[in-house]
>>> print(open('protein.pdb').read())   # PDB, C-alpha atoms and all ligand atoms
ATOM      1  CA  MET O   1      -8.057  21.973   2.717  1.00  0.00           C
ATOM      2  CA  THR O   2      -8.902  21.315  -0.943  1.00  0.00           C
ATOM      3  CA  ILE O   3     -10.822  18.278  -2.207  1.00  0.00           C
ATOM      4  CA  GLU O   4      -7.558  17.053  -3.812  1.00  0.00           C
ATOM      5  CA  GLU O   5      -5.805  17.224  -0.415  1.00  0.00           C
ATOM      6  CA  ILE O   6      -8.655  15.303   1.224  1.00  0.00           C
ATOM      7  CA  PHE O   7      -8.373  12.542  -1.401  1.00  0.00           C
ATOM      8  CA  HIS O   8      -4.554  12.619  -1.092  1.00  0.00           C
ATOM      9  CA  ASN O   9      -4.894  11.883   2.634  1.00  0.00           C
ATOM     10  CA  ALA O  10      -7.678   9.327   2.180  1.00  0.00           C
ATOM     11  CA  ILE O  11      -5.809   7.357  -0.512  1.00  0.00           C
ATOM     12  CA  GLN O  12      -2.476   7.791   1.295  1.00  0.00           C
ATOM     13  CA  THR O  13      -0.590   8.554  -1.903  1.00  0.00           C
ATOM     14  CA  GLY O  14       2.627   9.110   0.047  1.00  0.00           C
ATOM     15  CA  PRO O  15       5.260  11.803  -0.388  1.00  0.00           C
ATOM     16  CA  SER O  16       6.060  11.125  -4.066  1.00  0.00           C
ATOM     17  CA  TRP O  17       2.549  11.202  -5.541  1.00  0.00           C
ATOM     18  CA  ARG O  18      -0.245  13.733  -5.361  1.00  0.00           C
ATOM     19  CA  VAL O  19      -3.858  13.993  -6.424  1.00  0.00           C
ATOM     20  CA  ILE O  20      -3.876  16.531  -9.228  1.00  0.00           C
ATOM     21  CA  GLN O  21      -7.498  16.469 -10.338  1.00  0.00           C
ATOM     22  CA  ILE O  22     -10.831  14.810  -9.588  1.00  0.00           C
ATOM     23  CA  ASP O  23     -13.505  14.385 -12.247  1.00  0.00           C
ATOM     24  CA  GLN O  24     -17.065  13.209 -11.939  1.00  0.00           C
ATOM     25  CA  GLN O  25     -18.215  11.254 -14.987  1.00  0.00           C
ATOM     26  CA  SER O  26     -21.917  10.272 -14.813  1.00  0.00           C
ATOM     27  CA  GLU O  27     -21.725   7.352 -12.331  1.00  0.00           C
ATOM     28  CA  ALA O  28     -18.002   7.434 -11.576  1.00  0.00           C
ATOM     29  CA  ILE O  29     -15.349   9.504  -9.848  1.00  0.00           C
ATOM     30  CA  VAL O  30     -11.938   9.582 -11.549  1.00  0.00           C
ATOM     31  CA  ILE O  31      -8.999  10.534  -9.339  1.00  0.00           C
ATOM     32  CA  HIS O  32      -5.994  11.675 -11.368  1.00  0.00           C
ATOM     33  CA  ILE O  33      -2.653  11.186  -9.605  1.00  0.00           C
ATOM     34  CA  GLY O  34       0.796  12.309 -10.726  1.00  0.00           C
ATOM     35  CA  LEU O  35       4.341  12.390  -9.419  1.00  0.00           C
ATOM     36  CA  ILE O  36       5.235  15.492  -7.421  1.00  0.00           C
ATOM     37  CA  GLU O  37       8.599  15.757  -9.200  1.00  0.00           C
ATOM     38  CA  PRO O  38       8.087  14.045 -12.566  1.00  0.00           C
ATOM     39  CA  ARG O  39      11.718  14.226 -13.692  1.00  0.00           C
ATOM     40  CA  GLN O  40      13.465  12.662 -10.702  1.00  0.00           C
ATOM     41  CA  ALA O  41      12.611  10.108  -8.018  1.00  0.00           C
ATOM     42  CA  LYS O  42      14.406   7.882  -5.535  1.00  0.00           C
ATOM     43  CA  CYS O  43      15.501   4.371  -6.464  1.00  0.00           C
ATOM     44  CA  PRO O  44      13.370   1.997  -4.318  1.00  0.00           C
ATOM     45  CA  GLU O  45      16.467  -0.145  -3.640  1.00  0.00           C
ATOM     46  CA  CYS O  46      19.061   2.448  -2.584  1.00  0.00           C
ATOM     47  CA  GLY O  47      17.276   5.818  -2.470  1.00  0.00           C
ATOM     48  CA  ALA O  48      19.572   7.441  -5.036  1.00  0.00           C
ATOM     49  CA  ALA O  49      17.896  10.232  -7.018  1.00  0.00           C
ATOM     50  CA  SER O  50      17.497   9.001 -10.568  1.00  0.00           C
ATOM     51  CA  ALA O  51      15.864  10.055 -13.839  1.00  0.00           C
ATOM     52  CA  VAL O  52      12.208   9.026 -14.216  1.00  0.00           C
ATOM     53  CA  GLU O  53      10.456   7.415 -17.153  1.00  0.00           C
ATOM     54  CA  MET O  54       6.652   7.395 -17.134  1.00  0.00           C
ATOM     55  CA  SER O  55       4.006   5.541 -19.093  1.00  0.00           C
ATOM     56  CA  SER O  56       0.771   7.065 -20.279  1.00  0.00           C
ATOM     57  CA  PRO O  57      -1.774   7.279 -17.463  1.00  0.00           C
ATOM     58  CA  TYR O  58      -3.812   4.102 -16.953  1.00  0.00           C
ATOM     59  CA  ARG O  59      -6.966   3.565 -14.970  1.00  0.00           C
ATOM     60  CA  ILE O  60      -7.654   1.073 -12.173  1.00  0.00           C
ATOM     61  CA  ARG O  61     -10.811   0.465 -10.162  1.00  0.00           C
ATOM     62  CA  TYR O  62     -10.701   1.790  -6.632  1.00  0.00           C
ATOM     63  CA  PHE O  63     -13.083   1.589  -3.685  1.00  0.00           C
ATOM     64  CA  PRO O  64     -16.628   2.968  -4.174  1.00  0.00           C
ATOM     65  CA  PHE O  65     -17.207   6.571  -3.169  1.00  0.00           C
ATOM     66  CA  PHE O  66     -20.751   6.656  -1.757  1.00  0.00           C
ATOM     67  CA  GLN O  67     -22.974   5.693  -4.716  1.00  0.00           C
ATOM     68  CA  TYR O  68     -20.209   6.235  -7.278  1.00  0.00           C
ATOM     69  CA  LYS O  69     -17.699   3.817  -8.728  1.00  0.00           C
ATOM     70  CA  SER O  70     -14.231   5.254  -8.408  1.00  0.00           C
ATOM     71  CA  PHE O  71     -11.093   4.911 -10.464  1.00  0.00           C
ATOM     72  CA  ILE O  72      -7.524   6.059 -10.028  1.00  0.00           C
ATOM     73  CA  GLU O  73      -5.771   7.228 -13.153  1.00  0.00           C
ATOM     74  CA  ALA O  74      -1.973   7.479 -12.906  1.00  0.00           C
ATOM     75  CA  PRO O  75       1.094   6.637 -14.960  1.00  0.00           C
ATOM     76  CA  HIS O  76       3.513   3.863 -14.145  1.00  0.00           C
ATOM     77  CA  ALA O  77       6.924   5.316 -13.318  1.00  0.00           C
ATOM     78  CA  TRP O  78      10.405   3.842 -13.348  1.00  0.00           C
ATOM     79  CA  VAL O  79      13.766   5.177 -12.241  1.00  0.00           C
ATOM     80  CA  HIS O  80      17.007   4.362 -14.012  1.00  0.00           C
ATOM     81  CA  CYS O  81      19.422   3.804 -11.142  1.00  0.00           C
ATOM     82  CA  PRO O  82      23.118   3.519 -12.058  1.00  0.00           C
ATOM     83  CA  ARG O  83      23.492   0.651  -9.546  1.00  0.00           C
ATOM     84  CA  HIS O  84      20.154  -1.191  -9.787  1.00  0.00           C
ATOM     85  CA  GLY O  85      19.031  -0.487 -13.332  1.00  0.00           C
ATOM     86  CA  LYS O  86      15.387   0.078 -14.178  1.00  0.00           C
ATOM     87  CA  GLN O  87      13.212  -0.031 -11.026  1.00  0.00           C
ATOM     88  CA  ARG O  88       9.465   0.507 -10.933  1.00  0.00           C
ATOM     89  CA  ILE O  89       8.180   3.034  -8.395  1.00  0.00           C
ATOM     90  CA  GLU O  90       5.363   1.335  -6.536  1.00  0.00           C
ATOM     91  CA  HIS O  91       1.982   3.017  -6.319  1.00  0.00           C
ATOM     92  CA  PRO O  92       1.150   3.173  -2.575  1.00  0.00           C
ATOM     93  CA  TRP O  93      -2.568   2.681  -3.273  1.00  0.00           C
ATOM     94  CA  GLU O  94      -1.875  -0.714  -4.928  1.00  0.00           C
ATOM     95  CA  ARG O  95      -0.789  -2.077  -1.524  1.00  0.00           C
ATOM     96  CA  VAL O  96      -4.086  -0.896   0.007  1.00  0.00           C
ATOM     97  CA  ILE O  97      -6.109  -2.550  -2.787  1.00  0.00           C
ATOM     98  CA  ASP O  98      -4.080  -5.798  -2.496  1.00  0.00           C
ATOM     99  CA  GLN O  99      -4.542  -5.900   1.287  1.00  0.00           C
ATOM    100  CA  SER O 100      -8.273  -5.270   0.962  1.00  0.00           C
ATOM    101  CA  MET O 101      -8.567  -8.125  -1.593  1.00  0.00           C
ATOM    102  CA  ARG O 102      -6.675 -10.448   0.779  1.00  0.00           C
ATOM    103  CA  ASN O 103      -8.921  -9.438   3.695  1.00  0.00           C
ATOM    104  CA  SER O 104     -12.090 -10.020   1.661  1.00  0.00           C
ATOM    105  CA  GLN O 105     -10.804 -13.471   0.646  1.00  0.00           C
ATOM    106  CA  GLY O 106      -9.758 -14.312   4.231  1.00  0.00           C
ATOM    107  CA  ILE O 107      -6.068 -14.564   3.288  1.00  0.00           C
TER     108      ILE O 107
HETATM  109 ZN    ZN K 201      19.471   2.055  -6.760  1.00  0.00          ZN
END
>>> encode(input="protein.pdb", output="structure tokens")
Amino acid sequence: MTIEEIFHNAIQTGPSWRVIQIDQQSEAIVIHIGLIEPRQAKCPECGAASAVEMSSPYRIRYFPFFQYKSFIEAPHAWVHCPRHGKQRIEHPWERVIDQSMRNSQGI
């Protein structure tokens, strides 16, 4: 198992995303994530395969990794579904971060 596969499992990136590279930058770990098939993805509403549009990668803070800060760097992605129009493909790790924030705030 590679270090990318270990992080893929730990972050639970799901079937559409994969960890493509991990960098250590002085006091931080940067986890680069990309779409497995960057040209096509399923519409989140109906599951139809649709063309993908992606933003430039952006960086968000993730949970600490031992003594290091960690960040996930990934693009936003949208599908253009003929029935539902432009739909954003959710990043699975955002749900984990949101749930952790709610738990820490007792929500
Ligand atoms: Zn659709």
>>> residues_around(input="protein.pdb", residues="Phe7 (chain O)", least_positions_apart="6", cutoff="12 Å", atoms="only C-alpha atoms", output="list in words")
Met1, Thr13, Gly14, Trp17, Arg18, Val19, Ile20, Gln21, Ile22, Ile29, Val30, Ile31, His32, Ile33, Phe65, Ser70, Ile72 and Trp93 of chain O
>>> closest_residue(input="protein.pdb", among="O:Arg61, O:Lys69, O:Arg102, O:Lys42", to="ligand ZN 201 (chain K)", atoms="all atoms listed in the file")
O:Lys42
>>> resolve_selection(input="protein.pdb", expression="the PyMOL selection byres (((not hetatm)) within 12 of (chain K and resi 201))", output="list in words")
Ala41, Lys42, Cys43, Pro44, Glu45, Cys46, Gly47, Ala48, Ala49, Ser50, Ala51, Trp78, Val79, His80, Cys81, Pro82, Arg83, His84, Gly85, Lys86, Gln87, Arg88 and Ile89 of chain O
>>> write_last_selection(input="protein.pdb", atoms="C-alpha atoms", output="mmCIF file, in the coordinates of the input")
data_model
loop_
_atom_site.group_PDB
_atom_site.id
_atom_site.type_symbol
_atom_site.label_atom_id
_atom_site.label_comp_id
_atom_site.auth_asym_id
_atom_site.auth_seq_id
_atom_site.Cartn_x
_atom_site.Cartn_y
_atom_site.Cartn_z
ATOM 1 C CA ALA O 41 12.611 10.108 -8.018
ATOM 2 C CA LYS O 42 14.406 7.882 -5.535
ATOM 3 C CA CYS O 43 15.501 4.371 -6.464
ATOM 4 C CA PRO O 44 13.370 1.997 -4.318
ATOM 5 C CA GLU O 45 16.467 -0.145 -3.640
ATOM 6 C CA CYS O 46 19.061 2.448 -2.584
ATOM 7 C CA GLY O 47 17.276 5.818 -2.470
ATOM 8 C CA ALA O 48 19.572 7.441 -5.036
ATOM 9 C CA ALA O 49 17.896 10.232 -7.018
ATOM 10 C CA SER O 50 17.497 9.001 -10.568
ATOM 11 C CA ALA O 51 15.864 10.055 -13.839
ATOM 12 C CA TRP O 78 10.405 3.842 -13.348
ATOM 13 C CA VAL O 79 13.766 5.177 -12.241
ATOM 14 C CA HIS O 80 17.007 4.362 -14.012
ATOM 15 C CA CYS O 81 19.422 3.804 -11.142
ATOM 16 C CA PRO O 82 23.118 3.519 -12.058
ATOM 17 C CA ARG O 83 23.492 0.651 -9.546
ATOM 18 C CA HIS O 84 20.154 -1.191 -9.787
ATOM 19 C CA GLY O 85 19.031 -0.487 -13.332
ATOM 20 C CA LYS O 86 15.387 0.078 -14.178
ATOM 21 C CA GLN O 87 13.212 -0.031 -11.026
ATOM 22 C CA ARG O 88 9.465 0.507 -10.933
ATOM 23 C CA ILE O 89 8.180 3.034 -8.395
#
>>> closest_residue(input="protein.pdb", among="O:Ser26, O:Ile36, O:Tyr62, O:Ser16", to="Arg95 (chain O)", atoms="only C-alpha atoms")
O:Tyr62
>>> atom_distance(input="protein.pdb", atom1="CA of Asn9 (chain O)", atom2="CA of His91 (chain O)")
14.4 Å
>>> atom_distance(input="protein.pdb", atom1="CA of Pro75 (chain O)", atom2="CA of Gly34 (chain O)")
7.1 Å
>>> atom_distance(input="protein.pdb", atom1="CA of Val52 (chain O)", atom2="CA of Pro38 (chain O)")
6.7 Å
>>> closest_residue(input="protein.pdb", among="O:Arg39, O:Phe63, O:Asp23, O:Pro57", to="Val96 (chain O)", atoms="all atoms listed in the file")
O:Phe63
>>> axis_aligned_box(input="protein.pdb", around="region 93-107 of chain O", padding_each_side="6 Å", output="JSON")
{"center_x": -6.4, "center_y": -5.9, "center_z": -0.3, "size_x": 23.3, "size_y": 29.2, "size_z": 21.2}
>>> closest_residue(input="protein.pdb", among="O:Ile3, O:Leu35, O:His8, O:Gln40", to="Glu90 (chain O)", atoms="all atoms listed in the file")
O:Leu35
>>> closest_residue(input="protein.pdb", among="O:His76, O:Glu37, O:Pro92, O:Met54", to="Ala10 (chain O)", atoms="only C-alpha atoms")
O:Pro92
